[in-house]
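Student: Okay, here's the structure, questions in a sec.
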Amino acid sequence: MPELSLEQATTIARATLERARARGSKPLAVAVLDAGGHIKVVQRDDGASILRTDIAVAKAWGAVAMGTSSREVAAMAAERPQFVASLGALTGGRVVPAAGGLPIRDPEGAIVGAAGASGDTSDVDEECVRYGIEAAGLSAG
């Protein structure tokens, strides 16, 4: 089974935060998880509030657990609120249905992890995470 390396995870986190700074966004926290939902790297930029790391982890965890973006999980919540509420109960609140979490795919298309960010709008969070994933030579989504 393909694995997400620590070097790749570190690149994703660093590039996500660099992208956020370059575009002038609010301070972000970023989390990169492996395919089993385990934390590889978490970074919180200067000025990001303390809850941002937990939100970033939850966005990434939901993306890897569901095999789709946290944006799609949010769409599911709108269409099937009871289902997504059940996800929250089943996972002990580990899923945040808001954009900003993306699965990470290797060159063959296998999911090797997920990354999530929190601190700005969900759209900005997602944009920065996508940039970070691509900076590591991997695919988002």
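Chain lettering (A, B, ...) mirrors the order of the structure tokens, residue numbering begins at 1 for each chain separately, and ligand numbering begins at 1 in order of display.
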Give me, as a PyMOL selection string, all polymer residues having an atom no more than 10 Å from Val124 of chain A, counting only C-alpha atoms and skipping those fewer than 6 positions away in the same chain.
Tutor: chain A and resi 19-20+23+25-26+28+99-100+117-118+130
Student: Taking only chain A into account, list the residues labelled strand (DSSP E or B) by DSSP (computed from the backbone), as a list of chain:residue names.
Tutor: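 The strand (DSSP E or B) subset of chain A is A:Ala29, A:Val30, A:Ala31, A:Val32, A:Leu33, A:Asp34, A:Ile39, A:Lys40, A:Val41, A:Val42, A:Gln43, A:Arg44, A:Gly101, A:Leu102, A:Pro103, A:Ile104, A:Arg105, A:Ile111, A:Val112, A:Gly113, A:Ala114, A:Ala115, A:Gly116, A:Ala117, A:Ser118, A:Ser139, A:Ala140.
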Student: Could you give me, as a PyMOL selection string, the residues within 8 Å of segment 52-67 of chain A, counting only C-alpha atoms and dropping anything in the same chain fewer than 6 positions from it?
Tutor: chain A and resi 28-33+35-37+39+42-44+73+94-103+111+113-119
Student: From the DSSP assignment of the backbone, select every residue of segment 69-118 of chain A that is alpha helix (DSSP H), and format the answer as a list in words.
Tutor: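 After running DSSP on the backbone, segment 69-118 of chain A has alpha helix (DSSP H) at Ser70, Arg71, Glu72, Val73, Ala74, Ala75, Met76, Ala77, Ala78, Glu79, Pro81, Gln82, Phe83, Val84, Ala85, Ser86, Leu87, Gly88, Ala89 and Leu90 of chain A.
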Student: Could you name the residues that touch Thr10 of chain A at 9 Å or less, counting only C-alpha atoms, but leaving out those on the same chain fewer than 5 positions away, as a compact mmCIF listing (two decimals) with N, CA and C atoms, in the first residue's frame?
Tutor:
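And here's part.txt as it stands now:
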# COMPACT_ATOMS: atom_id res chain seq x y z
N SER A 5 4.79 10.05 2.89
CA SER A 5 6.01 10.18 3.67
C SER A 5 5.95 11.43 4.56
N ALA A 15 3.93 24.42 2.39
CA ALA A 15 3.43 25.11 1.20
C ALA A 15 2.03 25.67 1.43
N VAL A 32 -1.99 17.38 8.27
CA VAL A 32 -1.80 16.38 7.23
C VAL A 32 -1.86 15.02 7.90
N LYS A 40 0.27 13.12 10.65
CA LYS A 40 1.67 13.13 10.23
C LYS A 40 2.31 14.47 10.62
N VAL A 41 1.59 15.57 10.33
CA VAL A 41 2.11 16.91 10.60
C VAL A 41 0.94 17.83 10.93
N VAL A 42 1.12 18.65 11.96
CA VAL A 42 0.19 19.74 12.25
C VAL A 42 1.02 20.99 12.49
N ALA A 136 3.70 19.21 -3.23
CA ALA A 136 4.38 17.96 -2.87
C ALA A 136 4.36 16.94 -4.00
Student: Enter the distance from atom CA of Ser69 of chain A to atom CA of Ile104 of chain A, in Å, rounded to one decimal.
Tutor: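 Separation between atom CA of Ser69 of chain A and atom CA of Ile104 of chain A: 9.7 Å.
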Student: So which one's closest to His38 of chain A, A:Glu3, A:Ala22, A:Thr121, A:Ala140? Using only C-alpha atoms, please.
Tutor: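 Among the listed residues, the smallest separation from His38 of chain A belongs to A:Glu3.
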Student: What is the atom CA of Pro2 of chain A-atom CA of Ala74 of chain A distance in Å, reported with one decimal?
Tutor: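 Spanning atom CA of Pro2 of chain A to atom CA of Ala74 of chain A is a straight-line distance of 27.9 Å.
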Student: What is the atom CA of Asp120 of chain A-atom CA of Ile12 of chain A distance in Å, reported with one decimal?
Tutor: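 About the pair atom CA of Asp120 of chain A and atom CA of Ile12 of chain A: they are 17.6 Å apart.
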Student: Using only C-alpha atoms, pick whichever of A:Ser49, A:Leu90, A:Glu134, A:Gly141 has the shortest atom-to-atom distance to Thr11 of chain A.
Tutor: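 Checking each of A:Ser49, A:Leu90, A:Glu134, A:Gly141 against Thr11 of chain A, counting only C-alpha atoms, the winner is A:Glu134.
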Student: Which is closer to Ala13 of chain A than all the others in A:Thr91, A:Asp45, A:Glu108, A:Ala78, using only C-alpha atoms?
Tutor: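 So, comparing all the options, the nearest one is A:Asp45.
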